[in-house]
file final_17.tsv (TSV, C-alpha atoms)
chain	number	residue	atom	x	y	z
L	235	MET	CA	100.25	83.99	79.28
L	236	LYS	CA	103.03	83.39	76.79
L	237	LYS	CA	103.58	79.76	75.85
L	238	ASN	CA	106.94	79.24	77.56
L	239	GLU	CA	106.58	81.52	80.59
L	240	ALA	CA	107.56	79.69	83.79
L	241	LEU	CA	105.42	80.21	86.86
L	242	ALA	CA	106.65	82.98	89.16
L	243	SER	CA	105.42	83.21	92.74
L	244	VAL	CA	105.28	86.78	94.03
L	245	ILE	CA	105.49	86.94	97.84
L	246	LEU	CA	103.98	90.07	99.37
L	247	LEU	CA	104.65	90.25	103.10
L	248	THR	CA	102.34	92.64	104.96
L	249	TYR	CA	102.37	94.13	108.42
L	250	ASN	CA	99.96	97.00	109.02
L	251	SER	CA	100.23	97.76	105.30
L	252	ALA	CA	96.62	98.75	104.56
L	253	ARG	CA	97.43	102.26	103.37
L	254	ASP	CA	100.04	101.03	100.85
L	255	LEU	CA	98.13	98.10	99.31
L	256	PRO	CA	95.62	100.12	97.21
L	257	GLU	CA	98.59	101.18	95.04
L	258	CYS	CA	100.82	98.15	95.39
L	259	ILE	CA	98.46	95.29	94.55
L	260	PRO	CA	96.98	96.82	91.34
L	261	SER	CA	100.52	97.44	90.07
L	262	LEU	CA	101.35	93.77	90.65
L	263	LEU	CA	98.20	92.54	88.96
L	264	ALA	CA	98.96	94.75	85.93
L	265	GLN	CA	102.28	93.00	85.13
L	266	SER	CA	103.03	92.13	81.50
L	267	TYR	CA	104.45	88.76	82.63
L	268	GLY	CA	101.49	86.44	82.30
L	269	ASN	CA	102.23	83.38	84.42
L	270	PHE	CA	102.45	84.34	88.08
L	271	GLU	CA	100.68	83.93	91.39
L	272	ILE	CA	100.53	86.42	94.25
L	273	ILE	CA	100.81	85.12	97.78
L	274	VAL	CA	100.07	87.61	100.54
L	275	VAL	CA	101.57	86.68	103.91
L	276	ASP	CA	100.28	88.77	106.80
L	277	ASN	CA	102.45	89.05	109.92
L	278	ALA	CA	99.57	89.59	112.39
L	279	SER	CA	98.61	93.10	111.29
L	280	THR	CA	96.54	95.13	113.76
L	281	ASP	CA	95.10	97.51	111.17
L	282	ASN	CA	92.60	96.48	108.46
L	283	THR	CA	95.17	94.89	106.11
L	284	VAL	CA	93.59	91.44	106.17
L	285	GLU	CA	90.05	92.79	105.83
L	286	PHE	CA	91.10	94.94	102.87
L	287	ILE	CA	92.65	91.99	101.03
L	288	ARG	CA	89.72	89.69	101.70
L	289	SER	CA	87.15	92.23	100.52
L	290	SER	CA	89.04	93.82	97.62
L	291	TYR	CA	91.18	90.94	96.32
L	292	PRO	CA	89.53	87.63	97.29
L	293	GLN	CA	91.31	85.92	94.37
L	294	LEU	CA	94.71	86.31	96.06
L	295	LYS	CA	96.15	83.57	98.23
L	296	LEU	CA	96.22	84.97	101.78
L	297	ILE	CA	98.20	83.35	104.59
L	298	GLU	CA	97.96	84.63	108.16
L	299	THR	CA	100.96	83.77	110.32
L	300	GLY	CA	99.20	84.56	113.60
L	301	LYS	CA	102.21	86.42	114.96
L	302	ASN	CA	104.91	88.78	113.76
L	303	LEU	CA	107.65	86.53	112.36
L	304	GLY	CA	109.72	89.45	111.09
L	305	TYR	CA	110.72	89.99	107.48
L	306	PRO	CA	112.70	86.77	106.94
L	307	GLY	CA	110.33	84.49	108.84
L	308	GLY	CA	107.25	85.87	107.11
L	309	ASN	CA	108.76	85.51	103.66
L	310	ASN	CA	109.85	81.95	104.47
L	311	VAL	CA	106.18	81.12	105.12
L	312	GLY	CA	105.36	82.48	101.68
L	313	PHE	CA	108.11	80.37	100.09
L	314	GLU	CA	106.61	77.25	101.68
L	315	HIS	CA	103.26	77.88	99.95
L	316	ALA	CA	104.70	78.99	96.60
L	317	GLN	CA	104.47	76.81	93.50
L	318	GLY	CA	106.69	78.80	91.16
L	319	LYS	CA	109.99	78.02	89.47
L	320	TYR	CA	110.98	81.56	90.42
L	321	LEU	CA	110.25	83.13	93.80
L	322	VAL	CA	109.86	86.89	93.83
L	323	VAL	CA	109.89	89.03	96.97
L	324	VAL	CA	108.41	92.53	96.95
L	325	ASN	CA	107.69	95.01	99.73
L	326	PRO	CA	104.12	96.31	100.12
L	327	ASP	CA	105.28	99.97	100.16
L	328	THR	CA	106.13	99.78	96.46
L	329	VAL	CA	104.52	100.44	93.10
L	330	ALA	CA	105.78	98.25	90.26
L	331	ASP	CA	106.36	99.25	86.66
L	332	PRO	CA	104.29	97.02	84.31
L	333	LYS	CA	107.46	95.30	83.02
L	334	TRP	CA	109.07	94.93	86.44
L	335	LEU	CA	108.40	91.20	86.75
L	336	ALA	CA	109.04	90.25	83.12
L	337	GLU	CA	112.42	92.00	83.12
L	338	LEU	CA	113.32	90.57	86.54
L	339	ILE	CA	112.66	87.02	85.28
L	340	ARG	CA	114.28	87.43	81.84
L	341	PRO	CA	117.97	87.00	82.90
L	342	LEU	CA	117.05	83.88	84.89
L	343	GLU	CA	115.51	82.39	81.77
L	344	GLU	CA	118.47	83.36	79.59
L	345	ASP	CA	121.38	82.28	81.81
L	346	ASN	CA	121.28	79.29	84.15
L	347	SER	CA	124.32	80.55	86.07
L	348	ILE	CA	122.30	83.50	87.38
L	349	ALA	CA	120.62	82.60	90.67
L	350	VAL	CA	119.14	85.92	91.77
L	351	THR	CA	118.09	89.18	90.12
L	352	THR	CA	117.30	92.54	91.66
L	353	PRO	CA	115.73	95.60	89.96
L	354	LYS	CA	116.37	99.31	89.72
L	355	ILE	CA	114.51	100.64	92.74
L	356	ARG	CA	113.54	104.27	92.39
L	357	ILE	CA	112.31	106.59	95.14
L	358	TYR	CA	108.51	106.82	95.06
L	359	TYR	CA	108.53	110.39	96.39
L	360	ASP	CA	111.13	111.53	93.84
L	361	LYS	CA	110.84	109.26	90.81
L	362	TYR	CA	113.84	110.83	89.13
L	363	ARG	CA	116.13	109.56	91.91
L	364	ILE	CA	117.40	106.10	92.75
L	365	ASN	CA	116.80	104.31	96.02
L	366	THR	CA	119.12	101.41	95.20
L	367	CYS	CA	120.40	99.29	92.31
L	368	GLY	CA	121.21	96.26	94.41
L	369	ASN	CA	123.17	96.79	97.60
L	370	ILE	CA	126.84	97.48	98.39
L	371	PRO	CA	128.34	94.74	100.60
L	372	HIS	CA	131.28	96.18	102.53
L	373	TYR	CA	133.93	93.66	103.54
L	374	THR	CA	133.33	94.39	107.25
L	375	GLY	CA	129.70	93.27	106.93
L	376	LEU	CA	128.21	96.76	106.60
L	377	THR	CA	125.70	97.19	103.77
L	378	PHE	CA	124.69	100.31	101.85
L	379	CYS	CA	122.38	101.34	99.02
L	380	ARG	CA	124.03	101.25	95.60
L	381	GLY	CA	123.40	104.48	93.72
L	382	LEU	CA	121.34	106.20	96.41
L	383	ASN	CA	120.01	109.59	95.21
L	384	SER	CA	121.68	109.23	91.80
L	385	LEU	CA	119.63	110.28	88.78
L	386	ALA	CA	117.20	107.59	87.67
L	387	GLY	CA	118.78	107.58	84.21
L	388	SER	CA	122.09	106.27	85.58
L	389	TYR	CA	123.10	102.70	86.46
L	390	ASN	CA	121.88	101.37	83.14
L	391	LEU	CA	124.23	98.40	82.81
L	392	GLN	CA	122.99	94.90	83.60
L	393	GLU	CA	125.80	93.46	85.67
L	394	GLU	CA	126.81	91.03	88.38
L	395	ILE	CA	126.78	92.62	91.83
L	396	GLY	CA	127.53	91.58	95.39
L	397	ALA	CA	124.13	91.84	97.07
L	398	ILE	CA	120.41	92.23	96.48
L	399	SER	CA	118.00	94.66	98.03
L	400	GLY	CA	115.35	92.86	100.07
L	401	CYS	CA	112.80	95.40	98.81
L	402	SER	CA	112.50	93.37	95.59
L	403	PHE	CA	114.32	90.42	94.05
L	404	ALA	CA	113.75	87.12	92.25
L	405	ILE	CA	115.49	83.84	93.06
L	406	ARG	CA	115.49	80.38	91.50
L	407	ARG	CA	113.57	77.78	93.48
L	408	GLU	CA	116.51	75.35	93.49
L	409	MET	CA	118.88	77.98	94.92
L	410	LEU	CA	116.41	79.02	97.60
L	411	ASP	CA	115.91	75.38	98.57
L	412	TYR	CA	119.66	74.79	98.73
L	413	ILE	CA	120.36	77.71	101.06
L	414	GLU	CA	117.12	77.03	102.98
L	415	GLY	CA	115.63	80.48	102.50
L	416	PHE	CA	116.14	83.44	104.78
L	417	ASP	CA	117.67	83.05	108.21
L	418	ALA	CA	114.55	83.75	110.29
L	419	ASP	CA	116.63	84.57	113.37
L	420	PHE	CA	117.70	87.86	111.79
L	421	PHE	CA	114.09	89.07	112.25
L	422	LEU	CA	114.73	92.55	110.82
L	423	TYR	CA	117.47	94.10	108.68
L	424	MET	CA	120.53	92.61	106.99
L	425	GLU	CA	118.66	89.40	106.15
L	426	ASP	CA	118.96	90.34	102.48
L	427	ALA	CA	122.73	90.72	102.91
L	428	ASP	CA	122.95	87.35	104.63
L	429	LEU	CA	120.94	85.70	101.86
L	430	SER	CA	123.18	87.35	99.26
L	431	TRP	CA	126.33	86.07	100.96
L	432	ARG	CA	124.97	82.54	101.13
L	433	VAL	CA	123.82	82.59	97.51
L	434	ARG	CA	127.25	83.69	96.36
L	435	PHE	CA	129.05	81.15	98.55
L	436	ALA	CA	126.77	78.52	97.00
L	437	GLY	CA	128.18	79.50	93.61
L	438	GLY	CA	125.23	81.58	92.40
L	439	LYS	CA	125.45	84.86	90.53
L	440	ILE	CA	123.47	87.93	91.59
L	441	VAL	CA	122.58	90.24	88.72
L	442	TYR	CA	121.23	93.78	88.74
L	443	VAL	CA	118.58	94.36	86.04
L	444	PRO	CA	118.15	98.06	85.16
L	445	ASP	CA	115.13	97.48	82.88
L	446	SER	CA	113.17	96.07	85.81
L	447	MET	CA	111.87	99.06	87.75
L	448	ILE	CA	109.90	99.54	90.92
L	449	TYR	CA	109.14	102.59	93.05
L	450	HIS	CA	109.76	102.36	96.79
L	451	LYS	CA	108.33	104.62	99.51
L	452	PHE	CA	111.81	105.01	100.93
L	453	THR	CA	113.23	107.52	103.39
L	454	LEU	CA	116.77	107.23	104.73
L	455	SER	CA	116.62	107.01	108.51
L	456	ILE	CA	118.34	104.95	111.19
L	457	ALA	CA	116.33	104.87	114.41
L	458	ALA	CA	118.06	104.01	117.68
L	459	TRP	CA	116.40	100.58	118.00
L	460	LYS	CA	117.51	99.72	114.47
L	461	HIS	CA	121.18	99.88	115.54
L	462	PHE	CA	120.73	96.68	117.53
L	463	TYR	CA	119.63	94.66	114.49
L	464	LEU	CA	122.13	96.26	112.12
L	465	GLU	CA	125.11	95.57	114.37
L	466	ARG	CA	124.04	92.17	115.69
L	467	ASN	CA	123.13	90.90	112.24
L	468	ARG	CA	126.25	92.13	110.46
L	469	TYR	CA	128.41	90.23	112.92
L	470	MET	CA	126.21	87.17	112.50
L	471	ILE	CA	126.82	87.38	108.75
L	472	LEU	CA	130.59	87.49	109.23
L	473	LEU	CA	130.69	84.72	111.84
L	474	LYS	CA	128.38	82.46	109.85
L	475	ASN	CA	130.02	82.76	106.48
L	476	LEU	CA	133.76	83.39	106.74
L	477	GLU	CA	136.59	80.97	107.49
L	478	THR	CA	138.63	81.46	110.67
L	479	LYS	CA	141.68	82.67	108.72
L	480	THR	CA	139.56	85.32	106.99
L	481	LEU	CA	138.05	86.51	110.27
L	482	LEU	CA	141.52	86.91	111.76
L	483	LEU	CA	142.68	88.90	108.72
L	484	LEU	CA	139.62	91.14	109.08
L	485	ILE	CA	140.35	92.18	112.67
L	486	PRO	CA	142.08	95.51	111.82
L	487	GLY	CA	139.23	96.47	109.47
L	488	LEU	CA	136.62	95.45	112.01
L	489	MET	CA	138.31	97.56	114.68
L	490	VAL	CA	138.18	100.60	112.41
L	491	SER	CA	134.58	99.84	111.47
L	492	GLU	CA	133.83	99.89	115.21
L	493	ILE	CA	135.25	103.42	115.42
L	494	VAL	CA	132.97	104.41	112.53
L	495	THR	CA	129.80	102.76	113.84
L	496	MET	CA	130.33	103.75	117.47
L	497	GLY	CA	131.16	107.27	116.37
L	498	HIS	CA	127.88	107.39	114.46
L	499	ALA	CA	126.05	106.12	117.55
L	500	ILE	CA	127.70	108.67	119.85
L	501	LEU	CA	126.88	111.54	117.50
L	502	ASN	CA	123.22	110.48	117.49
L	503	GLY	CA	122.79	110.10	121.24
L	504	PRO	CA	122.79	107.71	124.22
L	505	GLU	CA	119.96	105.51	122.94
L	506	TYR	CA	122.00	104.68	119.84
L	507	VAL	CA	125.01	103.74	121.95
L	508	LYS	CA	122.83	101.61	124.22
L	509	SER	CA	121.37	99.82	121.21
L	510	LYS	CA	124.82	99.05	119.84
L	511	LEU	CA	126.09	97.76	123.19
L	512	LYS	CA	122.99	95.59	123.42
L	513	ALA	CA	124.04	93.93	120.13
L	514	TYR	CA	127.46	93.05	121.58
L	515	TRP	CA	125.84	91.55	124.67
L	516	TRP	CA	123.43	89.46	122.58
L	517	LEU	CA	126.32	88.02	120.56
L	518	ILE	CA	128.24	87.13	123.72
L	519	LYS	CA	125.22	85.47	125.34
L	520	ASN	CA	124.30	83.58	122.18
L	521	GLN	CA	127.73	82.61	120.90
L	522	ASP	CA	126.97	78.87	121.00
L	523	PHE	CA	123.83	79.47	118.97
L	524	VAL	CA	125.73	81.53	116.40
L	525	PHE	CA	128.50	78.97	116.07
L	526	GLU	CA	125.97	76.19	115.45
L	527	LYS	CA	124.74	78.28	112.52
L	528	ARG	CA	128.35	78.74	111.43
L	529	LYS	CA	129.01	74.99	111.23
L	530	LYS	CA	126.04	74.48	108.94
L	531	THR	CA	126.74	77.47	106.69
L	532	LEU	CA	130.43	76.68	106.23
L	533	SER	CA	129.56	73.10	105.23
L	534	MET	CA	127.43	74.42	102.35
L	535	LYS	CA	130.05	76.70	100.77
L	536	LYS	CA	131.07	75.98	97.19
L	537	ILE	CA	133.49	78.85	96.56
L	538	SER	CA	136.43	80.13	98.58
L	539	ASP	CA	136.59	83.34	100.59
L	540	LYS	CA	139.15	84.61	98.08
L	541	GLU	CA	136.68	84.20	95.19
L	542	PHE	CA	133.89	85.70	97.28
L	543	PHE	CA	135.89	88.85	98.04
L	544	GLU	CA	135.95	89.74	94.32
L	545	LEU	CA	132.53	91.42	94.64
L	546	LEU	CA	132.92	92.99	98.08
L	547	GLU	CA	133.59	96.71	98.48
L	548	TRP	CA	136.21	98.56	100.52
L	549	ARG	CA	134.70	102.06	100.36
L	550	ILE	CA	132.06	103.26	102.81
L	551	PRO	CA	129.74	105.82	101.14
L	552	PHE	CA	129.82	108.33	103.97
L	553	GLU	CA	127.44	110.58	102.05
L	554	GLN	CA	124.69	108.14	103.08
L	555	VAL	CA	125.32	108.45	106.82
L	556	ILE	CA	126.97	111.85	107.51
L	557	GLY	CA	125.22	115.12	106.77
L	558	ASN	CA	128.03	117.53	107.67
L	559	LYS	CA	130.21	118.07	104.58
L	560	MET	CA	133.47	118.67	106.42
L	561	LEU	CA	133.03	115.67	108.72
L	562	ARG	CA	132.05	113.56	105.71
L	563	TRP	CA	135.18	114.64	103.79
L	564	CYS	CA	137.44	113.92	106.76
L	565	SER	CA	135.83	110.51	107.34
L	566	ASP	CA	136.20	109.60	103.69
L	567	LYS	CA	139.88	110.54	103.54
L	568	LEU	CA	140.79	108.96	106.88
L	569	PHE	CA	138.73	105.76	107.03
L	570	ASN	CA	138.41	104.88	103.37
L	571	THR	CA	142.15	105.27	102.86
L	572	PHE	CA	142.65	102.68	105.59
L	573	PHE	CA	139.91	100.38	104.23
L	574	TRP	CA	141.42	100.54	100.73
L	575	ALA	CA	144.85	99.48	101.98
L	576	HIS	CA	143.56	96.82	104.36
L	577	PHE	CA	141.22	95.33	101.78
L	578	LYS	CA	144.11	94.94	99.32
L	579	ILE	CA	146.18	93.18	101.99
L	580	VAL	CA	143.35	90.82	102.92
L	581	ARG	CA	142.73	89.85	99.29
L	582	LYS	CA	146.43	89.22	98.75
L	583	LEU	CA	146.72	87.00	101.83
L	584	LEU	CA	143.57	84.94	101.23

call {"tool": "encode", "arguments": {"input": "final_17.tsv", "output": "structure tokens"}}
result
Amino acid sequence: MKKNEALASVILLTYNSARDLPECIPSLLAQSYGNFEIIVVDNASTDNTVEFIRSSYPQLKLIETGKNLGYPGGNNVGFEHAQGKYLVVVNPDTVADPKWLAELIRPLEEDNSIAVTTPKIRIYYDKYRINTCGNIPHYTGLTFCRGLNSLAGSYNLQEEIGAISGCSFAIRREMLDYIEGFDADFFLYMEDADLSWRVRFAGGKIVYVPDSMIYHKFTLSIAAWKHFYLERNRYMILLKNLETKTLLLLIPGLMVSEIVTMGHAILNGPEYVKSKLKAYWWLIKNQDFVFEKRKKTLSMKKISDKEFFELLEWRIPFEQVIGNKMLRWCSDKLFNTFFWAHFKIVRKLL
């Protein structure tokens, strides 16, 4: 351990992760950063995840939740047991470069205005390609991978970005405490976008760190059941975080985003449409619950919606969701032309 290294707490949330841990855990233990603890939180795995950790890595702190709390709830349990100045989240289906943690922590040590860092995440199955370099937060609440399938040698500039990837990031303890961690009610998907929005509204910077690298066992797929969480949670993000005036200004863009997302659902089949409609129904039934969240979140904001919009995106990367080249070209020209114009109007009127 170097003399001035602050303690970092690495949270590893597992759920039936036994086949990934023999690669993941050794890569974490081999980090060049000397002062860190690893906290494994198990979300009631039904395979031999817990037995593997107990027998192979008894030195690690293991917490069993007793039930599946989802990604945000499970990580929140880890945060409660962490002792570190910096809290680091990493998925179990990853293999970390030896300097991953040291480089992820470095900007936090150098600049107090930086609240969160996220690494260059490369595709485990094709190490010369990028999974994501932080995420792209679209102004309608949609979120996409930044740099997906680009060559690993690109995206080499350390820079402020709009959103982290929940696969791996580091956050200051004081920022996490202020925003009260993840919103556990998201359960799956978009919780990293929601955390990013709340960090930025709290005045914190999010920085992408290209010299911090990790390899993720990533495949791009959107199952039918996933549509429910993606659509429900993106609307929760918007309703929780944006002022009424901003939401009203967004209506044209949201209507067009509905054409895009419903079109994607229709093209993929009835189960996708059903899942999307289920998200609408949940929001209607739980509107009082969502608006209670809204009151709390709005009271914690430190920057305006106008400032926040500086790091949002207007373009949807249709190459990530549409395979057909002609349909992708048409979608890009039609929808992104609208989003570009509408985004400019919204920013001007805020």

call {"tool": "atom_distance", "arguments": {"input": "final_17.tsv", "atom1": "atom CA of L:Phe572", "atom2": "atom CA of L:Glu477"}}
result
22.6 Å

call {"tool": "closest_residue", "arguments": {"input": "final_17.tsv", "among": "L:Lys559, L:His315, L:Arg340, L:Arg549", "to": "L:Tyr442", "atoms": "all atoms listed in the file"}}
result
L:Arg340

call {"tool": "residues_around", "arguments": {"input": "final_17.tsv", "residues": "stretch 506-517 of chain L", "least_positions_apart": "4", "cutoff": "7 Å", "atoms": "all atoms listed in the file", "output": "list of chain:residue names"}}
result
L:Ala458, L:Trp459, L:His461, L:Phe462, L:Glu465, L:Arg466, L:Met496, L:Ala499, L:Ile500, L:Asn502, L:Gln521

call {"tool": "closest_residue", "arguments": {"input": "final_17.tsv", "among": "L:Thr248, L:Gln265, L:Ser347, L:Thr571", "to": "L:Asn309", "atoms": "only C-alpha atoms"}}
result
L:Thr248

call {"tool": "closest_residue", "arguments": {"input": "final_17.tsv", "among": "L:Val490, L:Cys367, L:Leu583, L:Leu376", "to": "L:Asp445", "atoms": "all atoms listed in the file"}}
result
L:Cys367

call {"tool": "closest_residue", "arguments": {"input": "final_17.tsv", "among": "L:Glu314, L:Tyr249, L:Gly503, L:Thr352", "to": "L:Ala457", "atoms": "only C-alpha atoms"}}
result
L:Gly503

call {"tool": "atom_distance", "arguments": {"input": "final_17.tsv", "atom1": "atom CA of L:Leu484", "atom2": "atom CA of L:Gly438"}}
result
24.0 Å

call {"tool": "atom_distance", "arguments": {"input": "final_17.tsv", "atom1": "atom CA of L:Asn558", "atom2": "atom CA of L:Ile357"}}
result
22.9 Å

call {"tool": "residues_around", "arguments": {"input": "final_17.tsv", "residues": "L:Gly268", "least_positions_apart": "2", "cutoff": "10 Å", "atoms": "all atoms listed in the file", "output": "compact mmCIF listing (two decimals) with C-alpha atoms, in the frame of the given file"}}
result
# COMPACT_ATOMS: atom_id res chain seq x y z
CA MET L 235 100.25 83.99 79.28
CA LYS L 236 103.03 83.39 76.79
CA LYS L 237 103.58 79.76 75.85
CA GLU L 239 106.58 81.52 80.59
CA ALA L 240 107.56 79.69 83.79
CA LEU L 241 105.42 80.21 86.86
CA ALA L 242 106.65 82.98 89.16
CA LEU L 263 98.20 92.54 88.96
CA ALA L 264 98.96 94.75 85.93
CA GLN L 265 102.28 93.00 85.13
CA SER L 266 103.03 92.13 81.50
CA PHE L 270 102.45 84.34 88.08
CA GLU L 271 100.68 83.93 91.39
CA LEU L 335 108.40 91.20 86.75
CA ALA L 336 109.04 90.25 83.12

call {"tool": "residues_around", "arguments": {"input": "final_17.tsv", "residues": "L:Val323", "least_positions_apart": "6", "cutoff": "12 Å", "atoms": "all atoms listed in the file", "output": "number ranges by chain"}}
result
L: 242-248, 262, 271-275, 305-306, 308-313, 316, 335, 338, 350-353, 398-406, 410, 415-416, 426

call {"tool": "write_last_selection", "arguments": {"input": "final_17.tsv", "atoms": "C-alpha atoms", "output": "compact mmCIF listing (two decimals), in the coordinates of the input"}}
result
# COMPACT_ATOMS: atom_id res chain seq x y z
CA ALA L 242 106.65 82.98 89.16
CA SER L 243 105.42 83.21 92.74
CA VAL L 244 105.28 86.78 94.03
CA ILE L 245 105.49 86.94 97.84
CA LEU L 246 103.98 90.07 99.37
CA LEU L 247 104.65 90.25 103.10
CA THR L 248 102.34 92.64 104.96
CA LEU L 262 101.35 93.77 90.65
CA GLU L 271 100.68 83.93 91.39
CA ILE L 272 100.53 86.42 94.25
CA ILE L 273 100.81 85.12 97.78
CA VAL L 274 100.07 87.61 100.54
CA VAL L 275 101.57 86.68 103.91
CA TYR L 305 110.72 89.99 107.48
CA PRO L 306 112.70 86.77 106.94
CA GLY L 308 107.25 85.87 107.11
CA ASN L 309 108.76 85.51 103.66
CA ASN L 310 109.85 81.95 104.47
CA VAL L 311 106.18 81.12 105.12
CA GLY L 312 105.36 82.48 101.68
CA PHE L 313 108.11 80.37 100.09
CA ALA L 316 104.70 78.99 96.60
CA LEU L 335 108.40 91.20 86.75
CA LEU L 338 113.32 90.57 86.54
CA VAL L 350 119.14 85.92 91.77
CA THR L 351 118.09 89.18 90.12
CA THR L 352 117.30 92.54 91.66
CA PRO L 353 115.73 95.60 89.96
CA ILE L 398 120.41 92.23 96.48
CA SER L 399 118.00 94.66 98.03
CA GLY L 400 115.35 92.86 100.07
CA CYS L 401 112.80 95.40 98.81
CA SER L 402 112.50 93.37 95.59
CA PHE L 403 114.32 90.42 94.05
CA ALA L 404 113.75 87.12 92.25
CA ILE L 405 115.49 83.84 93.06
CA ARG L 406 115.49 80.38 91.50
CA LEU L 410 116.41 79.02 97.60
CA GLY L 415 115.63 80.48 102.50
CA PHE L 416 116.14 83.44 104.78
CA ASP L 426 118.96 90.34 102.48

call {"tool": "residues_around", "arguments": {"input": "final_17.tsv", "residues": "L:Leu476", "least_positions_apart": "6", "cutoff": "9 Å", "atoms": "only C-alpha atoms", "output": "VMD selection string"}}
result
chain L and resid 528 532 539

call {"tool": "residues_around", "arguments": {"input": "final_17.tsv", "residues": "stretch 579-581 of chain L", "least_positions_apart": "6", "cutoff": "12 Å", "atoms": "all atoms listed in the file", "output": "VMD selection string"}}
result
chain L and resid 373 to 374 479 to 487 538 to 548 572 to 573

call {"tool": "write_last_selection", "arguments": {"input": "final_17.tsv", "atoms": "C-alpha atoms", "output": "PDB file, keeping the file's coordinate frame"}}
result
ATOM      1  CA  TYR L 373     133.930  93.660 103.540  1.00  0.00           C
ATOM      2  CA  THR L 374     133.330  94.390 107.250  1.00  0.00           C
ATOM      3  CA  LYS L 479     141.680  82.670 108.720  1.00  0.00           C
ATOM      4  CA  THR L 480     139.560  85.320 106.990  1.00  0.00           C
ATOM      5  CA  LEU L 481     138.050  86.510 110.270  1.00  0.00           C
ATOM      6  CA  LEU L 482     141.520  86.910 111.760  1.00  0.00           C
ATOM      7  CA  LEU L 483     142.680  88.900 108.720  1.00  0.00           C
ATOM      8  CA  LEU L 484     139.620  91.140 109.080  1.00  0.00           C
ATOM      9  CA  ILE L 485     140.350  92.180 112.670  1.00  0.00           C
ATOM     10  CA  PRO L 486     142.080  95.510 111.820  1.00  0.00           C
ATOM     11  CA  GLY L 487     139.230  96.470 109.470  1.00  0.00           C
ATOM     12  CA  SER L 538     136.430  80.130  98.580  1.00  0.00           C
ATOM     13  CA  ASP L 539     136.590  83.340 100.590  1.00  0.00           C
ATOM     14  CA  LYS L 540     139.150  84.610  98.080  1.00  0.00           C
ATOM     15  CA  GLU L 541     136.680  84.200  95.190  1.00  0.00           C
ATOM     16  CA  PHE L 542     133.890  85.700  97.280  1.00  0.00           C
ATOM     17  CA  PHE L 543     135.890  88.850  98.040  1.00  0.00           C
ATOM     18  CA  GLU L 544     135.950  89.740  94.320  1.00  0.00           C
ATOM     19  CA  LEU L 545     132.530  91.420  94.640  1.00  0.00           C
ATOM     20  CA  LEU L 546     132.920  92.990  98.080  1.00  0.00           C
ATOM     21  CA  GLU L 547     133.590  96.710  98.480  1.00  0.00           C
ATOM     22  CA  TRP L 548     136.210  98.560 100.520  1.00  0.00           C
ATOM     23  CA  PHE L 572     142.650 102.680 105.590  1.00  0.00           C
ATOM     24  CA  PHE L 573     139.910 100.380 104.230  1.00  0.00           C
TER      25      PHE L 573
END

call {"tool": "closest_residue", "arguments": {"input": "final_17.tsv", "among": "L:Val322, L:Ala386, L:Ile556, L:Ile471", "to": "L:Leu429", "atoms": "only C-alpha atoms"}}
result
L:Ile471

call {"tool": "closest_residue", "arguments": {"input": "final_17.tsv", "among": "L:Ile550, L:Ile518, L:Ile537, L:Met560", "to": "L:Ser491", "atoms": "only C-alpha atoms"}}
result
L:Ile550

call {"tool": "residues_near_point", "arguments": {"input": "final_17.tsv", "point": "(130.1, 112.6, 110.8)", "cutoff": "12 Å", "atoms": "all atoms listed in the file", "output": "PyMOL selection string"}}
result
chain L and resi 493-502+551-566+568-569

call {"tool": "residues_near_point", "arguments": {"input": "final_17.tsv", "point": "(127.7, 83.4, 110.7)", "cutoff": "8 Å", "atoms": "only C-alpha atoms", "output": "number ranges by chain"}}
result
L: 469-476, 524-525, 527-528, 531
